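Data file: structure33.pdb. Format and content: PDB, C-alpha atoms.
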```pdb
ATOM      1  CA  MET A   5     -89.663  87.330  45.177
ATOM      2  CA  ASN A   6     -89.033  88.991  48.533
ATOM      3  CA  GLN A   7     -91.046  91.608  50.395
ATOM      4  CA  SER A   8     -89.360  94.699  49.006
ATOM      5  CA  GLU A   9     -89.728  93.337  45.474
ATOM      6  CA  SER A  10     -93.438  92.722  46.002
ATOM      7  CA  ILE A  11     -93.914  96.225  47.354
ATOM      8  CA  GLU A  12     -91.964  97.602  44.412
ATOM      9  CA  THR A  13     -94.198  95.639  42.019
ATOM     10  CA  ILE A  14     -97.356  96.984  43.609
ATOM     11  CA  ARG A  15     -95.937 100.502  43.369
ATOM     12  CA  ASP A  16     -95.316  99.933  39.645
ATOM     13  CA  ILE A  17     -98.906  98.796  39.160
ATOM     14  CA  ARG A  18    -100.320 101.817  40.951
ATOM     15  CA  ARG A  19     -98.082 104.188  39.055
ATOM     16  CA  MET A  20     -99.113 102.768  35.692
ATOM     17  CA  MET A  21    -102.818 102.820  36.607
ATOM     18  CA  GLU A  22    -102.498 106.502  37.564
ATOM     19  CA  ARG A  23    -100.389 107.511  34.594
ATOM     20  CA  SER A  24    -102.812 105.916  32.161
ATOM     21  CA  SER A  25    -106.083 107.059  33.686
ATOM     22  CA  ARG A  26    -105.354 110.466  35.184
ATOM     23  CA  PHE A  27    -103.860 113.312  33.269
ATOM     24  CA  ILE A  28    -101.253 114.186  35.865
ATOM     25  CA  SER A  29     -99.047 116.399  33.741
ATOM     26  CA  LEU A  30    -101.324 119.378  34.174
ATOM     27  CA  SER A  31     -98.863 122.110  35.096
ATOM     28  CA  GLY A  32     -99.435 124.666  37.845
ATOM     29  CA  LEU A  33     -97.893 127.244  35.534
ATOM     30  CA  SER A  34    -100.834 126.678  33.166
ATOM     31  CA  GLY A  35    -103.121 127.961  35.903
ATOM     32  CA  VAL A  36    -100.899 130.983  36.521
ATOM     33  CA  SER A  37    -100.710 131.892  32.822
ATOM     34  CA  ALA A  38    -104.461 131.464  32.311
ATOM     35  CA  GLY A  39    -105.039 133.649  35.382
ATOM     36  CA  VAL A  40    -102.746 136.389  34.064
ATOM     37  CA  CYS A  41    -104.596 136.358  30.708
ATOM     38  CA  ALA A  42    -107.934 136.609  32.537
ATOM     39  CA  LEU A  43    -106.777 139.582  34.611
ATOM     40  CA  ALA A  44    -105.479 141.321  31.484
ATOM     41  CA  GLY A  45    -108.788 140.608  29.717
ATOM     42  CA  ALA A  46    -110.806 141.965  32.646
ATOM     43  CA  TRP A  47    -108.623 145.086  32.756
ATOM     44  CA  ILE A  48    -109.132 145.724  29.025
ATOM     45  CA  ALA A  49    -112.878 145.030  29.282
ATOM     46  CA  HIS A  50    -113.425 147.221  32.360
ATOM     47  CA  PRO A  51    -113.983 150.630  30.643
ATOM     48  CA  TYR A  52    -116.386 149.051  28.124
ATOM     49  CA  VAL A  53    -118.387 147.195  30.764
ATOM     50  CA  TYR A  54    -118.798 150.246  33.009
ATOM     51  CA  GLY A  55    -119.588 152.672  30.226
ATOM     52  CA  TYR A  56    -116.387 154.737  30.021
ATOM     53  CA  LYS A  57    -115.958 153.604  26.440
ATOM     54  CA  GLU A  58    -118.482 152.781  23.728
ATOM     55  CA  TYR A  59    -118.676 148.994  23.492
ATOM     56  CA  ILE A  60    -120.345 148.918  20.064
ATOM     57  CA  ILE A  61    -117.813 148.866  17.230
ATOM     58  CA  HIS A  62    -120.003 150.281  14.411
ATOM     59  CA  PRO A  63    -122.980 152.099  15.983
ATOM     60  CA  GLU A  64    -124.595 152.870  12.608
ATOM     61  CA  ILE A  65    -124.782 149.144  11.778
ATOM     62  CA  ALA A  66    -125.833 148.230  15.318
ATOM     63  CA  ILE A  67    -129.094 150.160  15.028
ATOM     64  CA  VAL A  68    -130.108 148.127  11.982
ATOM     65  CA  GLN A  69    -128.967 144.896  13.607
ATOM     66  CA  ALA A  70    -130.901 145.668  16.796
ATOM     67  CA  MET A  71    -134.083 146.463  14.894
ATOM     68  CA  ALA A  72    -133.806 143.278  12.829
ATOM     69  CA  GLU A  73    -133.001 141.305  16.012
ATOM     70  CA  ASP A  74    -129.941 140.069  14.165
ATOM     71  CA  TYR A  75    -127.664 137.731  16.147
ATOM     72  CA  SER A  76    -124.629 139.277  14.508
ATOM     73  CA  ILE A  77    -124.927 142.347  16.740
ATOM     74  CA  LEU A  78    -122.847 140.309  19.195
ATOM     75  CA  PHE A  79    -119.902 140.406  16.785
ATOM     76  CA  ASN A  80    -120.277 144.161  16.567
ATOM     77  CA  THR A  81    -119.232 144.656  20.192
ATOM     78  CA  TRP A  82    -115.704 145.149  21.504
ATOM     79  CA  LEU A  83    -116.576 143.009  24.520
ATOM     80  CA  PHE A  84    -117.224 139.930  22.381
ATOM     81  CA  TRP A  85    -113.790 140.161  20.754
ATOM     82  CA  ILE A  86    -112.082 140.868  24.081
ATOM     83  CA  ALA A  87    -113.754 137.727  25.453
ATOM     84  CA  VAL A  88    -112.646 135.654  22.453
ATOM     85  CA  GLY A  89    -109.076 136.978  22.697
ATOM     86  CA  THR A  90    -108.932 136.327  26.443
ATOM     87  CA  PHE A  91    -110.236 132.779  26.069
ATOM     88  CA  PHE A  92    -107.794 131.806  23.332
ATOM     89  CA  SER A  93    -104.740 133.435  24.902
ATOM     90  CA  ALA A  94    -105.568 131.733  28.217
ATOM     91  CA  PHE A  95    -106.174 128.366  26.558
ATOM     92  CA  ILE A  96    -103.049 128.455  24.380
ATOM     93  CA  SER A  97    -100.699 129.642  27.141
ATOM     94  CA  ALA A  98    -102.135 127.020  29.534
ATOM     95  CA  PHE A  99    -101.710 124.342  26.878
ATOM     96  CA  VAL A 100     -98.047 125.233  26.285
ATOM     97  CA  PHE A 101     -96.958 124.729  29.913
ATOM     98  CA  THR A 102     -98.872 121.460  30.199
ATOM     99  CA  TRP A 103     -97.487 120.263  26.878
ATOM    100  CA  ILE A 104     -93.919 120.933  28.054
ATOM    101  CA  LYS A 105     -94.546 119.057  31.291
ATOM    102  CA  SER A 106     -96.128 116.040  29.613
ATOM    103  CA  LYS A 107     -93.229 115.781  27.133
ATOM    104  CA  LYS A 108     -90.815 115.825  30.052
ATOM    105  CA  GLU A 109     -92.721 113.047  31.823
ATOM    106  CA  GLY A 110     -93.330 110.947  28.726
ATOM    107  CA  ILE A 111     -97.100 111.059  29.095
ATOM    108  CA  PRO A 112     -99.177 111.372  25.936
ATOM    109  CA  VAL A 113    -100.715 114.864  25.633
ATOM    110  CA  TRP A 114    -103.477 113.460  23.483
ATOM    111  CA  GLY A 115    -104.200 110.198  25.309
ATOM    112  CA  ASN A 116    -107.222 108.601  26.938
ATOM    113  CA  ALA A 117    -106.811 110.628  30.126
ATOM    114  CA  SER A 118    -106.437 114.058  28.538
ATOM    115  CA  LYS A 119    -109.378 113.372  26.197
ATOM    116  CA  ARG A 120    -111.559 112.579  29.208
ATOM    117  CA  VAL A 121    -110.456 115.786  30.936
ATOM    118  CA  LEU A 122    -111.312 117.875  27.870
ATOM    119  CA  ALA A 123    -114.673 116.175  27.374
ATOM    120  CA  SER A 124    -115.638 116.601  31.030
ATOM    121  CA  VAL A 125    -114.748 120.300  31.105
ATOM    122  CA  GLY A 126    -115.992 120.820  27.576
ATOM    123  CA  ILE A 127    -119.567 119.599  27.929
ATOM    124  CA  PRO A 128    -120.598 121.959  30.765
ATOM    125  CA  MET A 129    -118.710 124.790  29.049
ATOM    126  CA  ILE A 130    -120.420 124.342  25.687
ATOM    127  CA  VAL A 131    -123.805 124.147  27.412
ATOM    128  CA  GLY A 132    -122.816 127.246  29.390
ATOM    129  CA  GLY A 133    -121.837 129.011  26.182
ATOM    130  CA  ILE A 134    -125.253 128.397  24.617
ATOM    131  CA  PHE A 135    -126.910 129.515  27.856
ATOM    132  CA  LEU A 136    -124.849 132.742  27.840
ATOM    133  CA  PHE A 137    -125.787 133.372  24.248
ATOM    134  CA  ARG A 138    -129.478 133.325  25.190
ATOM    135  CA  LEU A 139    -128.840 135.488  28.266
ATOM    136  CA  LEU A 140    -127.204 138.088  26.028
ATOM    137  CA  GLN A 141    -130.123 137.965  23.592
ATOM    138  CA  PHE A 142    -132.511 138.746  26.417
ATOM    139  CA  GLY A 143    -130.192 141.515  27.589
ATOM    140  CA  THR A 144    -129.651 139.840  30.961
ATOM    141  CA  PHE A 145    -126.062 141.078  31.182
ATOM    142  CA  GLY A 146    -125.967 140.934  34.967
ATOM    143  CA  LEU A 147    -126.046 137.136  34.944
ATOM    144  CA  VAL A 148    -123.222 136.691  32.438
ATOM    145  CA  ALA A 149    -120.346 136.641  34.940
ATOM    146  CA  PRO A 150    -122.176 134.370  37.443
ATOM    147  CA  ALA A 151    -123.054 131.927  34.651
ATOM    148  CA  CYS A 152    -119.428 131.867  33.378
ATOM    149  CA  LEU A 153    -118.186 131.048  36.868
ATOM    150  CA  ILE A 154    -120.842 128.438  37.637
ATOM    151  CA  PHE A 155    -120.598 126.487  34.361
ATOM    152  CA  TYR A 156    -116.799 126.562  34.413
ATOM    153  CA  GLY A 157    -116.787 125.420  38.039
ATOM    154  CA  LEU A 158    -119.102 122.523  37.222
ATOM    155  CA  GLY A 159    -116.786 121.542  34.363
ATOM    156  CA  LEU A 160    -113.777 121.503  36.684
ATOM    157  CA  VAL A 161    -115.518 119.441  39.355
ATOM    158  CA  ASN A 162    -116.552 117.027  36.618
ATOM    159  CA  ALA A 163    -113.020 116.741  35.201
ATOM    160  CA  ALA A 164    -111.215 116.448  38.532
ATOM    161  CA  LYS A 165    -111.544 112.673  38.668
ATOM    162  CA  TYR A 166    -109.365 112.401  35.541
ATOM    163  CA  THR A 167    -106.632 114.794  36.599
ATOM    164  CA  LEU A 168    -105.033 116.331  39.687
ATOM    165  CA  ASN A 169    -107.421 116.441  42.623
ATOM    166  CA  GLU A 170    -106.835 120.152  43.383
ATOM    167  CA  ILE A 171    -108.929 120.931  40.306
ATOM    168  CA  LYS A 172    -111.986 119.856  42.292
ATOM    169  CA  TYR A 173    -111.399 122.549  44.913
ATOM    170  CA  LEU A 174    -110.788 125.145  42.222
ATOM    171  CA  GLY A 175    -114.139 124.056  40.752
ATOM    172  CA  TYR A 176    -115.958 124.449  44.071
ATOM    173  CA  THR A 177    -114.388 127.869  44.524
ATOM    174  CA  GLU A 178    -115.616 129.007  41.094
ATOM    175  CA  ILE A 179    -119.139 127.694  41.760
ATOM    176  CA  ILE A 180    -119.362 129.425  45.136
ATOM    177  CA  LEU A 181    -118.058 132.707  43.683
ATOM    178  CA  GLY A 182    -120.602 132.405  40.865
ATOM    179  CA  LEU A 183    -123.483 131.819  43.274
ATOM    180  CA  ILE A 184    -122.485 134.728  45.528
ATOM    181  CA  SER A 185    -122.094 137.058  42.556
ATOM    182  CA  MET A 186    -125.751 136.489  41.592
ATOM    183  CA  TRP A 187    -126.629 138.690  44.549
ATOM    184  CA  PHE A 188    -124.129 141.390  43.573
ATOM    185  CA  ILE A 189    -125.344 142.276  40.100
ATOM    186  CA  GLY A 190    -123.241 145.081  38.681
ATOM    187  CA  TYR A 191    -120.036 143.775  40.238
ATOM    188  CA  GLY A 192    -119.871 140.805  37.853
ATOM    189  CA  LEU A 193    -116.579 141.758  36.244
ATOM    190  CA  TYR A 194    -114.865 141.936  39.648
ATOM    191  CA  PHE A 195    -116.110 138.476  40.611
ATOM    192  CA  TRP A 196    -115.111 137.263  37.158
ATOM    193  CA  ALA A 197    -111.590 138.672  37.643
ATOM    194  CA  ILE A 198    -111.297 137.016  41.062
ATOM    195  CA  GLY A 199    -112.580 133.651  39.790
ATOM    196  CA  PHE A 200    -110.788 133.419  36.461
ATOM    197  CA  GLY A 201    -107.781 135.590  37.305
ATOM    198  CA  LEU A 202    -106.823 135.489  40.952
ATOM    199  CA  MET A 203    -108.053 131.954  41.729
ATOM    200  CA  HIS A 204    -106.242 130.438  38.734
ATOM    201  CA  ILE A 205    -103.045 132.122  39.887
ATOM    202  CA  VAL A 206    -103.468 131.061  43.526
ATOM    203  CA  TYR A 207    -104.318 127.432  42.704
ATOM    204  CA  GLY A 208    -101.673 127.391  39.965
ATOM    205  CA  ILE A 209     -98.933 128.455  42.388
ATOM    206  CA  TRP A 210    -100.175 125.963  44.989
ATOM    207  CA  MET A 211    -100.125 123.105  42.460
ATOM    208  CA  TRP A 212     -96.760 124.165  41.083
ATOM    209  CA  LEU A 213     -95.243 124.182  44.576
ATOM    210  CA  LYS A 214     -96.812 120.824  45.375
ATOM    211  CA  TYR A 215     -95.966 118.878  42.196
ATOM    212  CA  ASP A 216     -93.333 120.686  40.131
ATOM    213  CA  TYR A 217     -91.106 122.670  42.483
ATOM    214  CA  LYS A 218     -90.418 119.595  44.607
ATOM    215  CA  ASN A 219     -89.373 117.542  41.581
ATOM    216  CA  ILE A 220     -87.010 120.217  40.317
ATOM    217  CA  HIS A 221     -85.336 120.561  43.713
ATOM    218  CA  ALA A 222     -85.460 116.908  44.721
TER     219      ALA A 222
ATOM    220  CA  MET B  16    -101.509  76.600  53.569
ATOM    221  CA  ILE B  17    -100.857  77.085  49.850
ATOM    222  CA  ASN B  18     -97.625  78.853  49.128
ATOM    223  CA  PRO B  19     -98.641  82.253  47.704
ATOM    224  CA  ILE B  20     -95.614  82.238  45.370
ATOM    225  CA  GLU B  21     -97.267  79.437  43.419
ATOM    226  CA  GLN B  22    -100.282  81.633  42.826
ATOM    227  CA  LEU B  23     -98.228  84.361  41.198
ATOM    228  CA  ASN B  24     -98.797  84.388  37.457
ATOM    229  CA  LYS B  25     -95.629  83.830  35.401
ATOM    230  CA  ALA B  26     -96.987  85.972  32.580
ATOM    231  CA  PHE B  27     -96.960  88.978  34.896
ATOM    232  CA  ASP B  28     -93.493  88.591  36.361
ATOM    233  CA  ASN B  29     -92.188  90.971  33.726
ATOM    234  CA  ARG B  30     -92.412  94.702  34.461
ATOM    235  CA  ILE B  31     -93.554  95.616  30.974
ATOM    236  CA  ARG B  32     -96.365  93.055  30.845
ATOM    237  CA  LEU B  33     -97.389  94.070  34.351
ATOM    238  CA  GLY B  34     -97.474  97.708  33.219
ATOM    239  CA  ILE B  35     -99.578  96.912  30.162
ATOM    240  CA  MET B  36    -102.080  94.967  32.282
ATOM    241  CA  SER B  37    -102.247  97.756  34.900
ATOM    242  CA  ALA B  38    -102.997 100.365  32.265
ATOM    243  CA  LEU B  39    -105.642  98.168  30.630
ATOM    244  CA  MET B  40    -107.335  97.497  33.980
ATOM    245  CA  VAL B  41    -108.350 101.154  34.272
ATOM    246  CA  ASN B  42    -108.963 102.017  30.597
ATOM    247  CA  SER B  43    -111.546 100.323  28.417
ATOM    248  CA  GLU B  44    -109.216 100.620  25.412
ATOM    249  CA  ILE B  45    -105.722 101.936  24.711
ATOM    250  CA  ASN B  46    -104.050 102.181  21.327
ATOM    251  CA  PHE B  47    -100.543 101.033  20.500
ATOM    252  CA  ASN B  48     -98.961 104.476  20.302
ATOM    253  CA  GLU B  49    -100.343 105.590  23.626
ATOM    254  CA  LEU B  50     -99.083 102.414  25.305
ATOM    255  CA  LYS B  51     -95.709 103.021  23.710
ATOM    256  CA  GLU B  52     -95.548 106.543  25.166
ATOM    257  CA  LEU B  53     -96.818 105.442  28.572
ATOM    258  CA  MET B  54     -94.321 102.604  28.843
ATOM    259  CA  GLN B  55     -91.556 104.455  26.984
ATOM    260  CA  LEU B  56     -90.644 101.474  24.819
ATOM    261  CA  THR B  57     -89.654 100.775  21.240
ATOM    262  CA  ASP B  58     -92.230  99.347  18.814
ATOM    263  CA  GLY B  59     -90.623  95.903  18.671
ATOM    264  CA  ASN B  60     -90.221  95.516  22.400
ATOM    265  CA  LEU B  61     -93.804  96.530  23.163
ATOM    266  CA  ALA B  62     -95.194  94.383  20.335
ATOM    267  CA  SER B  63     -93.477  91.228  21.600
ATOM    268  CA  HIS B  64     -94.912  91.656  25.112
ATOM    269  CA  LEU B  65     -98.359  92.414  23.725
ATOM    270  CA  LYS B  66     -98.101  89.236  21.647
ATOM    271  CA  THR B  67     -97.334  87.179  24.764
ATOM    272  CA  LEU B  68    -100.365  88.580  26.571
ATOM    273  CA  GLU B  69    -102.494  88.055  23.496
ATOM    274  CA  ASP B  70    -101.366  84.412  23.235
ATOM    275  CA  HIS B  71    -102.496  83.887  26.828
ATOM    276  CA  GLN B  72    -105.809  85.511  25.828
ATOM    277  CA  TYR B  73    -105.417  88.100  28.594
ATOM    278  CA  ILE B  74    -105.854  90.955  26.138
ATOM    279  CA  GLN B  75    -107.692  91.346  22.858
ATOM    280  CA  VAL B  76    -106.694  93.308  19.804
ATOM    281  CA  LYS B  77    -108.828  95.387  17.467
ATOM    282  CA  LYS B  78    -107.255  96.636  14.285
ATOM    283  CA  GLY B  79    -108.603  99.712  12.598
ATOM    284  CA  PHE B  80    -107.601 102.741  10.596
ATOM    285  CA  ILE B  81    -107.519 106.454  11.234
ATOM    286  CA  GLY B  82    -107.210 107.865   7.748
ATOM    287  CA  ARG B  83    -104.434 105.781   6.255
ATOM    288  CA  LYS B  84    -102.651 105.055   9.514
ATOM    289  CA  THR B  85    -103.272 101.783  11.285
ATOM    290  CA  ASN B  86    -104.805 102.163  14.714
ATOM    291  CA  THR B  87    -104.433  99.061  16.842
ATOM    292  CA  ARG B  88    -106.372  99.123  20.067
ATOM    293  CA  TYR B  89    -105.994  96.812  23.018
ATOM    294  CA  SER B  90    -108.391  95.909  25.775
ATOM    295  CA  ILE B  91    -108.358  93.455  28.649
ATOM    296  CA  THR B  92    -110.357  90.194  28.460
ATOM    297  CA  LYS B  93    -112.508  88.762  31.247
ATOM    298  CA  SER B  94    -109.937  86.061  31.855
ATOM    299  CA  GLY B  95    -107.107  88.624  31.822
ATOM    300  CA  GLU B  96    -108.880  90.687  34.444
ATOM    301  CA  LYS B  97    -109.463  87.623  36.621
ATOM    302  CA  GLN B  98    -105.843  86.479  36.343
ATOM    303  CA  PHE B  99    -104.522  89.945  37.103
ATOM    304  CA  LYS B 100    -106.702  90.241  40.211
ATOM    305  CA  GLN B 101    -105.479  86.827  41.389
ATOM    306  CA  HIS B 102    -101.903  87.943  40.819
ATOM    307  CA  LEU B 103    -102.522  91.063  42.917
ATOM    308  CA  ALA B 104    -104.126  89.018  45.679
ATOM    309  CA  ALA B 105    -101.120  86.678  45.715
ATOM    310  CA  LEU B 106     -98.749  89.646  45.954
ATOM    311  CA  GLU B 107    -100.762  91.009  48.849
ATOM    312  CA  LYS B 108    -100.639  87.664  50.648
ATOM    313  CA  MET B 109     -96.899  87.476  50.183
ATOM    314  CA  ILE B 110     -96.386  90.876  51.732
ATOM    315  CA  ARG B 111     -98.674  90.026  54.661
ATOM    316  CA  SER B 112     -97.016  86.678  55.335
ATOM    317  CA  MET B 113     -93.623  88.311  55.556
ATOM    318  CA  GLN B 114     -94.582  90.993  58.026
TER     319      GLN B 114
END
```
Will you turn the file into structure tokens for me?
Amino acid sequence: MNQSESIETIRDIRRMMERSSRFISLSGLSGVSAGVCALAGAWIAHPYVYGYKEYIIHPEIAIVQAMAEDYSILFNTWLFWIAVGTFFSAFISAFVFTWIKSKKEGIPVWGNASKRVLASVGIPMIVGGIFLFRLLQFGTFGLVAPACLIFYGLGLVNAAKYTLNEIKYLGYTEIILGLISMWFIGYGLYFWAIGFGLMHIVYGIWMWLKYDYKNIHA
Amino acid sequence: MINPIEQLNKAFDNRIRLGIMSALMVNSEINFNELKELMQLTDGNLASHLKTLEDHQYIQVKKGFIGRKTNTRYSITKSGEKQFKQHLAALEKMIRSMQ
């Protein structure tokens, strides 16, 4: 074995360690698509959040629900369904681009690495979801956007060690935006749109240029 | 001085076996199908290399089921980890000695 062969062997080892432990087929386009969905969601939600449109779907039922302190009043708001729609459209469109990329690279979409990424983002997000639910019950609407940003940011920072490193910086950005927005109550939706919309698009383009564009034009 | 080439492990001079060991070094367990996708190999080819590593007792096998499908999981043994690290050290020495 000569020197170039040894170096080649070590490169093989490193490549296989990375491929098997980090989910590197996360596509930048996933970030862009999730960001576009978030901006669309924020745009649709805007008139309901700022009182130009009635956010309760069936006001006559809402009165009864409110008096009975029924949890289901949440499902009687347009905002809840806009949030659900935004989350799923963002998640599905992001998944599609990453799925295409992982097929192209021959990396399992549902392997050890991707499971770790999902678990590390998922745990802070589920905890955040329960926290938000209680915030809404207490009527603390002003803290909803900051809490979304902070819990999501923590999830990203947590997951970054199992995927592309840029995710860590996206996470820090979301956390910082979330913290700042706690002192700008009433502007939550704008911070939310910057964090989930604009930042996903910016980081998505950056990651796409860094990892995907180069490979296409190599 | 010992010739570093003699310290290289014959079991790892194959790219596929080297790949399997590398992946198992950084994952506590990997199942057969995931290894197959990672290495982009056919069932038979991967199985024969896994058998070689198993015979050396560098990896261990756990057979299980998910529903009706078999789920065979592989993990590295203490001795496998030690041998792989020695192999890496020998490679490193070789590169250094040639500079």
Since I can't run it myself right now, could you work out what the PyMOL selection byres ((chain A) within 7 of (chain B)) selects here and report it as an mmCIF file with C-alpha atoms, keeping the file's coordinate frame?
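The file below, selection01.cif, is the result:
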```cif
data_model
loop_
_atom_site.group_PDB
_atom_site.id
_atom_site.type_symbol
_atom_site.label_atom_id
_atom_site.label_comp_id
_atom_site.auth_asym_id
_atom_site.auth_seq_id
_atom_site.Cartn_x
_atom_site.Cartn_y
_atom_site.Cartn_z
ATOM 1 C CA GLN A 7 -91.046 91.608 50.395
ATOM 2 C CA SER A 10 -93.438 92.722 46.002
ATOM 3 C CA ILE A 17 -98.906 98.796 39.160
ATOM 4 C CA MET A 20 -99.113 102.768 35.692
ATOM 5 C CA MET A 21 -102.818 102.820 36.607
ATOM 6 C CA SER A 24 -102.812 105.916 32.161
ATOM 7 C CA SER A 25 -106.083 107.059 33.686
ATOM 8 C CA GLY A 110 -93.330 110.947 28.726
ATOM 9 C CA ILE A 111 -97.100 111.059 29.095
ATOM 10 C CA PRO A 112 -99.177 111.372 25.936
ATOM 11 C CA GLY A 115 -104.200 110.198 25.309
#
```
Exercise. Skip Ile104 of chain A itself and residues of its chain fewer than 2 positions away, then list as a ChimeraX atom specification all residues within 12 Å of it, counting all atoms listed in the file.
Key: /A:29-34,97-102,106-113
Quiz prompt | Shell around segment 118-133 of chain A at 8 Å using only C-alpha atoms, local window under 4 positions removed, as a list of chain:residue names | solution = A:Arg26, A:Phe27, A:Val113, A:Trp114, A:Phe137, A:Ala151, A:Cys152, A:Phe155, A:Tyr156, A:Leu158, A:Gly159, A:Leu160, A:Asn162, A:Ala163, A:Ala164, A:Tyr166, A:Thr167
Practice problem: Would you mind telling me which residue in A:Leu140, A:Leu83, A:Met71, A:Ile28 lies nearest to His50 of chain A when using all atoms listed in the file? | Solution: A:Leu83
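Between atom CA of Thr67 of chain B and atom CA of Ile91 of chain B the interatomic distance comes to 13.3 Å.
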Quiz item: Quick one: residues within 8 Å of Ile60 of chain A, all atoms listed in the file counted, chain neighbours fewer than 6 positions away excluded, as JSON, numbers by chain?
Solution: {"A": [66, 80, 81, 82]}
Could you work out an axis-aligned box for segment 21-35 of chain A, taking every atom the file lists and adding 4 Å on each side, and report centre and edge lengths in Å to one decimal, as JSON?
```
{"center_x": -102.0, "center_y": 115.4, "center_z": 35.0, "size_x": 16.2, "size_y": 33.1, "size_z": 13.7}
```
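With only C-alpha atoms as the atoms that count, the minimum distance from Phe47 of chain B to the choices B:Lys77, B:Lys100, B:Arg83, B:Arg88 is reached by B:Arg88.
Evaluating the PyMOL selection byres ((chain A and resi 186-189) around 12) against the shown model yields Thr144, Phe145, Gly146, Leu147, Val148, Ala149, Pro150, Ala151, Cys152, Leu153, Ile154, Ile179, Ile180, Leu181, Gly182, Leu183, Ile184, Ser185, Gly190, Tyr191, Gly192, Leu193, Tyr194, Phe195 and Trp196 of chain A.
The space separating atom CA of Cys41 of chain A from atom CA of Gly201 of chain A comes to 7.4 Å.
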Practice problem: Using atom CA of Leu65 of chain B and atom CA of Ser90 of chain B as the two end points, give the distance in Å to one decimal. | Solution: 10.8 Å
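Using all atoms listed in the file, the nearest neighbour of Glu73 of chain A within the list A:Gln141, A:Arg15, A:Tyr207, A:Asn169 is A:Gln141.
Among B:Gln22, B:Thr92, B:Asn86, B:Gln101, the residue with the shortest atom-to-atom distance to Asp70 of chain B, counting only C-alpha atoms, is B:Thr92.
The list of residues within 8 Å of (-111.6, 149.5, 25.7), counted using only C-alpha atoms, is A:Ile48, A:Ala49, A:His50, A:Pro51, A:Tyr52, A:Lys57, A:Glu58, A:Tyr59, A:Trp82.
Distances from A:Asn219, A:Ser76, A:Ser8, A:Asn116 to Glu22 of chain A were compared using only C-alpha atoms, and the smallest one belongs to A:Asn116.
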